[in-house]
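Visitor: Let me begin by handing over the structure; questions about it come next.
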Amino acid sequence: MPEVIINGPVGRIEARYQHNNNDESPVALILHPHPQYGGSMHNKVIYALSQIFIKHDCSTLRFNFRGVGRSHGAHDGAEGELCDAAAALDWLQTHNPNSQICWVCGFSFGAWIGMQLLMRRPEISGFVSVSPPADQYDFHFLAPCPSSGIIIHGKDDAIISETSAAKLAQKINAQRNIEVAYKAVQGCDHFFTGKHDELTDIISRYVKERSKQLQNAA
């Protein structure tokens with residue numbers, strides 16, 4: 001994916017962007033895990049997510065939060081990273097003005113930031129949330145959740161309990177007109193070690209089916 005530099009709230013945001021030549025292609029924004037634990041846009045799960053959306057003909061952007069790689073600034077805990085994500089989405093939409101479908105996807109900390117962005121940006125059509133930190137961060141802001149999506153979690157995750165992720169999915173699913181698919185992957189840790197092919201298959205099948213629904217509704 002070609003490198004791009006985005007003007008963010010505190011300076012440069014380092015990113016990778018793959019453009020789809022279809023003028024009306026969907027867009028997908030990919031958010032990486034916690035910067036203070038080695039998270040970056042080069043994380044294997046983040047790379048896998050970006051490849052899924054590229055294969056589904058989306059213009060796809062992944063980037064480094066502030067203080068990571070060559071992105072300016074320092075880790076801010078949440079609000080700053082949310083502003084970075086909003087700036088990245090602005091850039092993505094500016095370069096795809098005719099796109100009618102917008103995905104936000106995140107892994108771990110990135111899933112939490114992505115769900116907050118979802119609440120602020122009504123143009124987001126769907127979400128993919130991998131290992132959301134439901135027992136570490138507050139997700140009560142998802143009331144109501146404005147879009148449907150999928151949550152995937154490792155059954156043997158020792159960092160974030162699978163039970164907390166299942167409860168989050170159940171809570172969102174109880175809301176009117178919202179459907180959240182939930183998949184717990186057996187024998188799988190937080191990082192989906194040895195399970196990337198299974199993760200890719202789950203997300204790819206969901207994106208394919210959900211994209212059809214969104215296109216028909218457009």
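Each chain in the structure tokens gets a letter, A, B and so on, in the order shown; residues start at 1 in every chain, and ligands are counted from 1 in the order they appear.
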Would you kindly return, as a list in words, each protein, DNA or RNA residue with an atom no farther than 10 Å from any atom of Cys105 (chain A), considering only C-alpha atoms and excluding same-chain residues fewer than 4 positions away?
Guide: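 Everything that qualifies: Ala28, Leu29, Ile30, Leu31, His32, Ile46, Leu49, Ser50, Phe53, Arg62, Gly110, Ala111, Trp112, Ile113, Gly114, Met115, Leu118, Gly126, Phe127, Val128, Ser129, Val130, Gly149 and Ile150 of chain A.
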Visitor: Okay, now the selection with C-alpha atoms, as a compact mmCIF listing (two decimals), in the first residue's frame?
Guide:
```
# COMPACT_ATOMS: atom_id res chain seq x y z
CA ALA A 28 -12.64 1.46 5.00
CA LEU A 29 -10.68 2.98 7.88
CA ILE A 30 -8.51 0.58 9.93
CA LEU A 31 -7.45 1.43 13.53
CA HIS A 32 -4.52 -0.27 15.25
CA ILE A 46 -4.38 -4.67 11.02
CA LEU A 49 -8.00 -6.33 7.90
CA SER A 50 -6.70 -3.93 5.26
CA PHE A 53 -11.24 -4.64 2.41
CA ARG A 62 -4.63 2.40 7.84
CA GLY A 110 -8.43 0.53 17.97
CA ALA A 111 -11.83 -1.17 18.25
CA TRP A 112 -12.70 1.08 21.21
CA ILE A 113 -11.65 4.21 19.31
CA GLY A 114 -13.50 3.00 16.23
CA MET A 115 -16.75 2.55 18.13
CA LEU A 118 -18.97 5.49 14.93
CA GLY A 126 -20.85 -0.58 9.41
CA PHE A 127 -18.11 -1.71 11.75
CA VAL A 128 -15.72 -4.59 12.36
CA SER A 129 -14.55 -4.84 15.96
CA VAL A 130 -11.79 -7.37 16.72
CA GLY A 149 -21.49 -4.70 12.47
CA ILE A 150 -19.53 -7.69 13.68
```
Visitor: Using only C-alpha atoms, which residues sit within 12 Å of Lys195 (chain A) once same-chain residues fewer than 6 positions away are excluded, as a PyMOL selection string?
Guide: chain A and resi 44-45+48+152-156+184-189+201-202
Visitor: Please dump the current selection as a CSV table (one decimal), in the first residue's frame; keep N, CA and C atoms.
Guide:
```csv
chain,number,residue,atom,x,y,z
A,44,LYS,N,0.0,-7.4,12.5
A,44,LYS,CA,-0.5,-8.4,11.6
A,44,LYS,C,-2.0,-8.5,11.4
A,45,VAL,N,-2.7,-8.2,12.5
A,45,VAL,CA,-4.2,-8.2,12.4
A,45,VAL,C,-4.7,-7.0,11.5
A,48,ALA,N,-4.0,-7.7,8.0
A,48,ALA,CA,-5.0,-8.6,7.4
A,48,ALA,C,-6.3,-8.0,7.2
A,152,ILE,N,-15.6,-9.9,16.8
A,152,ILE,CA,-14.9,-11.2,16.8
A,152,ILE,C,-13.9,-11.2,18.0
A,153,HIS,N,-13.9,-12.3,18.7
A,153,HIS,CA,-13.1,-12.4,19.9
A,153,HIS,C,-12.5,-13.8,20.0
A,154,GLY,N,-11.3,-13.9,20.6
A,154,GLY,CA,-10.7,-15.2,20.8
A,154,GLY,C,-11.3,-15.8,22.1
A,155,LYS,N,-11.6,-17.1,22.0
A,155,LYS,CA,-12.2,-17.8,23.1
A,155,LYS,C,-11.2,-17.9,24.3
A,156,ASP,N,-9.9,-18.0,24.0
A,156,ASP,CA,-8.9,-18.1,25.0
A,156,ASP,C,-8.1,-16.8,25.2
A,184,ALA,N,-17.0,-16.1,18.4
A,184,ALA,CA,-15.9,-16.4,19.3
A,184,ALA,C,-15.1,-17.6,18.7
A,185,VAL,N,-13.8,-17.3,18.5
A,185,VAL,CA,-13.0,-18.3,17.8
A,185,VAL,C,-12.3,-19.2,18.8
A,186,GLN,N,-12.6,-20.5,18.7
A,186,GLN,CA,-12.1,-21.5,19.6
A,186,GLN,C,-10.5,-21.6,19.5
A,187,GLY,N,-9.9,-21.8,20.7
A,187,GLY,CA,-8.5,-22.0,20.8
A,187,GLY,C,-7.7,-20.8,20.3
A,188,CYS,N,-8.2,-19.6,20.5
A,188,CYS,CA,-7.7,-18.4,20.0
A,188,CYS,C,-7.3,-17.4,21.1
A,189,ASP,N,-6.1,-16.8,21.0
A,189,ASP,CA,-5.7,-15.8,22.0
A,189,ASP,C,-6.1,-14.4,21.6
A,201,ASP,N,-11.3,-15.3,7.1
A,201,ASP,CA,-12.5,-15.9,6.5
A,201,ASP,C,-13.8,-15.4,7.1
A,202,ILE,N,-13.8,-15.3,8.5
A,202,ILE,CA,-15.0,-14.8,9.2
A,202,ILE,C,-15.4,-13.4,8.7
```
Visitor: From a backbone DSSP assignment, name each residue in region 1-207 of chain A labelled alpha helix (DSSP H), as a PyMOL selection string.
Guide: chain A and resi 44-55+79-94+109-120+162-173+196-207
Visitor: Give me, please, the distance in Å between CA of Arg16 (chain A) and CA of Glu3 (chain A), quoted to one decimal.
Guide: 4.5 Å
Visitor: Rounded to one decimal place, report the CA of Ile160 (chain A)-CA of Pro133 (chain A) distance in Å.
Guide: 5.8 Å
Visitor: I'd like the neighbourhood of Ala86 (chain A) as a short mmCIF file (atom, residue, chain, number, x, y, z; two decimals) with all heavy atoms, in the first residue's frame, where a residue qualifies if any of its atoms comes within 10 Å (using only C-alpha atoms), though same-chain residues fewer than 2 positions away should be ignored.
Guide:
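Dumped everything to result10.cif:
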```
data_model
loop_
_atom_site.label_atom_id
_atom_site.label_comp_id
_atom_site.auth_asym_id
_atom_site.auth_seq_id
_atom_site.Cartn_x
_atom_site.Cartn_y
_atom_site.Cartn_z
N GLY A 8 -2.79 16.03 10.55
CA GLY A 8 -3.61 15.71 11.70
C GLY A 8 -3.69 16.86 12.68
O GLY A 8 -3.11 17.93 12.47
N PRO A 9 -4.41 16.65 13.79
CA PRO A 9 -4.61 17.71 14.78
C PRO A 9 -3.31 18.21 15.42
O PRO A 9 -3.24 19.36 15.85
CB PRO A 9 -5.51 17.05 15.82
CG PRO A 9 -6.18 15.92 15.10
CD PRO A 9 -5.18 15.44 14.10
N LEU A 29 -11.70 2.40 7.00
CA LEU A 29 -10.68 2.98 7.88
C LEU A 29 -10.31 1.92 8.92
O LEU A 29 -11.17 1.36 9.58
CB LEU A 29 -11.21 4.23 8.56
CG LEU A 29 -10.27 4.95 9.53
CD1 LEU A 29 -9.10 5.58 8.74
CD2 LEU A 29 -11.02 6.03 10.31
N GLY A 80 -7.26 12.24 21.96
CA GLY A 80 -6.36 12.61 20.88
C GLY A 80 -6.39 11.60 19.75
O GLY A 80 -6.40 11.97 18.57
N GLU A 81 -6.42 10.32 20.10
CA GLU A 81 -6.47 9.27 19.10
C GLU A 81 -7.79 9.30 18.33
O GLU A 81 -7.84 9.02 17.13
CB GLU A 81 -6.26 7.91 19.75
CG GLU A 81 -4.82 7.60 20.13
CD GLU A 81 -4.32 8.40 21.33
OE1 GLU A 81 -5.15 8.93 22.09
OE2 GLU A 81 -3.10 8.50 21.51
N LEU A 82 -8.87 9.64 19.02
CA LEU A 82 -10.16 9.78 18.36
C LEU A 82 -10.11 10.94 17.36
O LEU A 82 -10.66 10.83 16.25
CB LEU A 82 -11.26 10.01 19.40
CG LEU A 82 -12.68 10.20 18.88
CD1 LEU A 82 -13.12 9.01 18.02
CD2 LEU A 82 -13.65 10.37 20.07
N CYS A 83 -9.45 12.02 17.72
CA CYS A 83 -9.29 13.15 16.79
C CYS A 83 -8.44 12.74 15.58
O CYS A 83 -8.71 13.17 14.46
CB CYS A 83 -8.65 14.34 17.51
SG CYS A 83 -9.71 15.11 18.74
N ASP A 84 -7.41 11.92 15.83
CA ASP A 84 -6.60 11.42 14.71
C ASP A 84 -7.46 10.60 13.75
O ASP A 84 -7.36 10.73 12.52
CB ASP A 84 -5.46 10.53 15.23
CG ASP A 84 -4.43 11.29 16.03
OD1 ASP A 84 -4.38 12.53 15.93
OD2 ASP A 84 -3.65 10.63 16.75
N ALA A 88 -8.28 11.26 9.83
CA ALA A 88 -8.01 10.25 8.81
C ALA A 88 -9.26 9.95 7.99
O ALA A 88 -9.20 9.79 6.76
CB ALA A 88 -7.49 8.97 9.46
N LEU A 89 -10.41 9.90 8.66
CA LEU A 89 -11.66 9.67 7.94
C LEU A 89 -11.99 10.85 7.04
O LEU A 89 -12.46 10.65 5.90
CB LEU A 89 -12.80 9.41 8.93
CG LEU A 89 -14.16 9.09 8.32
CD1 LEU A 89 -14.08 7.89 7.38
CD2 LEU A 89 -15.19 8.84 9.41
N ASP A 90 -11.73 12.05 7.50
CA ASP A 90 -11.93 13.24 6.65
C ASP A 90 -11.11 13.13 5.38
O ASP A 90 -11.60 13.39 4.27
CB ASP A 90 -11.53 14.51 7.41
CG ASP A 90 -12.51 14.91 8.50
OD1 ASP A 90 -13.67 14.44 8.46
OD2 ASP A 90 -12.12 15.69 9.38
N TRP A 91 -9.84 12.73 5.53
CA TRP A 91 -8.94 12.59 4.38
C TRP A 91 -9.47 11.53 3.43
O TRP A 91 -9.49 11.73 2.20
CB TRP A 91 -7.55 12.22 4.88
CG TRP A 91 -6.50 12.19 3.81
CD1 TRP A 91 -5.64 13.20 3.46
CD2 TRP A 91 -6.19 11.09 2.92
NE1 TRP A 91 -4.83 12.80 2.42
CE2 TRP A 91 -5.14 11.51 2.08
CE3 TRP A 91 -6.71 9.80 2.78
CZ2 TRP A 91 -4.60 10.68 1.11
CZ3 TRP A 91 -6.17 8.98 1.81
CH2 TRP A 91 -5.13 9.42 0.98
N LEU A 92 -9.90 10.41 3.98
CA LEU A 92 -10.41 9.31 3.17
C LEU A 92 -11.64 9.72 2.38
O LEU A 92 -11.77 9.41 1.19
CB LEU A 92 -10.73 8.12 4.09
CG LEU A 92 -11.14 6.79 3.46
CD1 LEU A 92 -10.07 6.28 2.50
CD2 LEU A 92 -11.40 5.76 4.55
N GLY A 114 -12.62 3.11 17.39
CA GLY A 114 -13.50 3.00 16.23
C GLY A 114 -14.97 3.10 16.60
O GLY A 114 -15.75 3.73 15.88
N LEU A 117 -15.76 6.67 17.28
CA LEU A 117 -15.88 7.40 16.01
C LEU A 117 -17.23 7.12 15.36
O LEU A 117 -17.86 8.02 14.79
CB LEU A 117 -14.75 7.00 15.07
CG LEU A 117 -14.65 7.73 13.74
CD1 LEU A 117 -14.33 9.21 13.95
CD2 LEU A 117 -13.59 7.09 12.85
N LEU A 118 -17.67 5.89 15.46
CA LEU A 118 -18.97 5.49 14.93
C LEU A 118 -20.09 6.37 15.48
O LEU A 118 -21.02 6.74 14.76
CB LEU A 118 -19.22 4.03 15.29
CG LEU A 118 -20.53 3.36 14.86
CD1 LEU A 118 -20.53 3.12 13.37
CD2 LEU A 118 -20.70 2.04 15.60
N ARG A 120 -19.88 9.43 16.46
CA ARG A 120 -19.73 10.83 16.05
C ARG A 120 -19.95 11.06 14.57
O ARG A 120 -20.16 12.20 14.14
CB ARG A 120 -18.32 11.32 16.42
CG ARG A 120 -18.04 11.33 17.90
CD ARG A 120 -16.75 12.06 18.18
NE ARG A 120 -16.48 12.14 19.62
CZ ARG A 120 -15.57 12.95 20.15
NH1 ARG A 120 -14.85 13.74 19.38
NH2 ARG A 120 -15.38 12.96 21.46
N ARG A 121 -19.89 9.99 13.77
CA ARG A 121 -19.95 10.15 12.33
C ARG A 121 -21.07 9.31 11.75
O ARG A 121 -20.92 8.12 11.50
CB ARG A 121 -18.60 9.76 11.71
CG ARG A 121 -17.41 10.55 12.25
CD ARG A 121 -17.45 12.00 11.86
NE ARG A 121 -17.14 12.18 10.46
CZ ARG A 121 -15.93 12.49 10.01
NH1 ARG A 121 -14.92 12.68 10.83
NH2 ARG A 121 -15.73 12.64 8.71
#
```
Visitor: Pick from A:Gln51, A:Thr200, A:Gln116, A:Ser59: nearest to Glu79 (chain A), with only C-alpha atoms counted?
Guide: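 Residue with the minimum atom-to-atom distance to Glu79 (chain A): A:Gln116.
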Visitor: Quick one: everything within 12 Å of Arg176 (chain A), counting only C-alpha atoms, minus sequence neighbours fewer than 6 positions away in the same chain. Send it as number ranges by chain.
Guide: A: 143-148
Visitor: How would the residues just chosen look if you wrote them out with C-alpha atoms as a PDB file, in the first residue's frame?
Guide:
```pdb
ATOM      1  CA  ALA A 143     -26.710   3.844  23.397  1.00  0.00           C
ATOM      2  CA  PRO A 144     -28.049   3.707  20.847  1.00  0.00           C
ATOM      3  CA  CYS A 145     -25.496   2.232  18.475  1.00  0.00           C
ATOM      4  CA  PRO A 146     -26.100   3.844  15.059  1.00  0.00           C
ATOM      5  CA  SER A 147     -24.848   1.030  12.783  1.00  0.00           C
ATOM      6  CA  SER A 148     -24.736  -2.733  12.539  1.00  0.00           C
TER       7      SER A 148
END
```
Visitor: With 12 Å as the cut-off and only C-alpha atoms counted, what is the closest atom pair between each nearby residue of region 102-134 of chain A and region 36-43 of chain A? Distances in Å to one decimal, ordered by chain and number, as CSV.
Guide:
```
residue,atom,partner,partner_atom,distance
A:Gly106,CA,A:Met41,CA,10.5
A:Phe107,CA,A:Asn43,CA,9.4
A:Ser108,CA,A:Gly39,CA,9.4
A:Phe109,CA,A:Gly39,CA,8.8
A:Gly110,CA,A:Gly39,CA,9.1
```
Visitor: Export N, CA and C atoms of the chosen residues as a PDB file, in the first residue's frame?
Guide:
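The resulting selection.pdb:
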```pdb
ATOM      1  N   GLY A 106     -11.460  -1.855  13.786  1.00  0.00           N
ATOM      2  CA  GLY A 106     -10.401  -1.689  14.759  1.00  0.00           C
ATOM      3  C   GLY A 106     -10.089  -2.965  15.496  1.00  0.00           C
ATOM      4  N   PHE A 107      -8.872  -3.035  15.997  1.00  0.00           N
ATOM      5  CA  PHE A 107      -8.393  -4.173  16.756  1.00  0.00           C
ATOM      6  C   PHE A 107      -8.016  -3.708  18.157  1.00  0.00           C
ATOM      7  N   SER A 108      -8.625  -4.329  19.194  1.00  0.00           N
ATOM      8  CA  SER A 108      -8.343  -4.043  20.593  1.00  0.00           C
ATOM      9  C   SER A 108      -8.582  -2.555  20.896  1.00  0.00           C
ATOM     10  N   PHE A 109      -7.567  -1.808  21.334  1.00  0.00           N
ATOM     11  CA  PHE A 109      -7.722  -0.372  21.590  1.00  0.00           C
ATOM     12  C   PHE A 109      -8.320   0.338  20.379  1.00  0.00           C
ATOM     13  N   GLY A 110      -7.894  -0.060  19.190  1.00  0.00           N
ATOM     14  CA  GLY A 110      -8.434   0.532  17.971  1.00  0.00           C
ATOM     15  C   GLY A 110      -9.915   0.276  17.788  1.00  0.00           C
TER      16      GLY A 110
END
```
Visitor: One decimal, Å: what's the distance from CA of Ile101 (chain A) over to CA of Pro26 (chain A), could you say?
Guide: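 CA of Pro26 (chain A) lies 4.7 Å from CA of Ile101 (chain A).
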Visitor: Return as a PyMOL selection string the full set of residues in chain A whose backbone-based DSSP assignment is strand (DSSP E).
Guide: chain A and resi 3-8+11-18+27-31+59-63+102-107+126-130+148-154+180-185
Visitor: Quick one: everything within 7 Å of His72 (chain A), counting only C-alpha atoms, minus sequence neighbours fewer than 5 positions away in the same chain. Send it as a list in words.
Guide: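 Neighbouring residues, sequence-local ones excluded: Val10, Gly11, Arg12, Ile13, Arg66 and Gly67 of chain A.
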Visitor: Do a neighbour search on Pro97 (chain A) at 9 Å with only C-alpha atoms, toss out local chain neighbours closer than 4 positions, and write the hits as a compact mmCIF listing (two decimals) with all heavy atoms, in the first residue's frame.
Guide:
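result_21.txt, freshly written:
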```
# COMPACT_ATOMS: atom_id res chain seq x y z
N ASP A 23 -15.16 4.94 -8.87
CA ASP A 23 -15.44 6.23 -8.26
C ASP A 23 -16.40 6.13 -7.08
O ASP A 23 -16.39 6.99 -6.19
CB ASP A 23 -16.01 7.18 -9.33
CG ASP A 23 -16.09 8.61 -8.85
OD1 ASP A 23 -15.09 9.10 -8.28
OD2 ASP A 23 -17.15 9.25 -9.03
N GLU A 24 -17.23 5.09 -7.07
CA GLU A 24 -18.22 4.95 -6.00
C GLU A 24 -17.88 3.79 -5.04
O GLU A 24 -18.75 3.32 -4.31
CB GLU A 24 -19.60 4.74 -6.60
CG GLU A 24 -20.09 5.93 -7.43
CD GLU A 24 -21.48 5.72 -7.99
OE1 GLU A 24 -22.01 4.59 -7.89
OE2 GLU A 24 -22.05 6.70 -8.52
N LEU A 92 -9.90 10.41 3.98
CA LEU A 92 -10.41 9.31 3.17
C LEU A 92 -11.64 9.72 2.38
O LEU A 92 -11.77 9.41 1.19
CB LEU A 92 -10.73 8.12 4.09
CG LEU A 92 -11.14 6.79 3.46
CD1 LEU A 92 -10.07 6.28 2.50
CD2 LEU A 92 -11.40 5.76 4.55
N GLN A 93 -12.53 10.45 3.02
CA GLN A 93 -13.75 10.89 2.34
C GLN A 93 -13.46 11.98 1.30
O GLN A 93 -14.12 12.03 0.25
CB GLN A 93 -14.76 11.38 3.36
CG GLN A 93 -15.31 10.26 4.23
CD GLN A 93 -16.28 10.76 5.27
OE1 GLN A 93 -16.06 11.78 5.92
NE2 GLN A 93 -17.37 10.03 5.46
```
Visitor: Restricting the calculation to only C-alpha atoms, which member of A:Asp157, A:Ala74, A:Ala169, A:Gly69 is positioned closest to Phe139 (chain A)?
Guide: A:Ala169
Visitor: Might you pull out every residue within 8 Å of Ser164 (chain A), with only C-alpha atoms counted and same-chain residues fewer than 4 positions away left off, and present them as a list in words?
Guide: Ala134, Asp135, Ile160 and Leu168 of chain A
Visitor: Would you mind exporting C-alpha atoms of the selected residues as a CSV table (one decimal), in the first residue's frame?
Guide:
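The resulting file, selection24.csv, is shown below:
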```
chain,number,residue,atom,x,y,z
A,134,ALA,CA,-15.0,-4.5,26.8
A,135,ASP,CA,-13.7,-5.3,30.4
A,160,ILE,CA,-9.7,-9.3,27.5
A,168,LEU,CA,-21.2,-6.2,24.7
```
Visitor: Which residue is closest to Tyr206 (chain A)? Choose from A:Gln100, A:Ile52, A:Asn7, A:Pro132 and count only C-alpha atoms.
Guide: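 Selected residue with least distance to Tyr206 (chain A): A:Ile52.
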Visitor: Between A:Ile5, A:Val207, A:Leu142, A:Ala174, which residue has the minimum interatomic distance to Cys58 (chain A), considering only C-alpha atoms?
Guide: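 The closest residue to Cys58 (chain A) is A:Val207.
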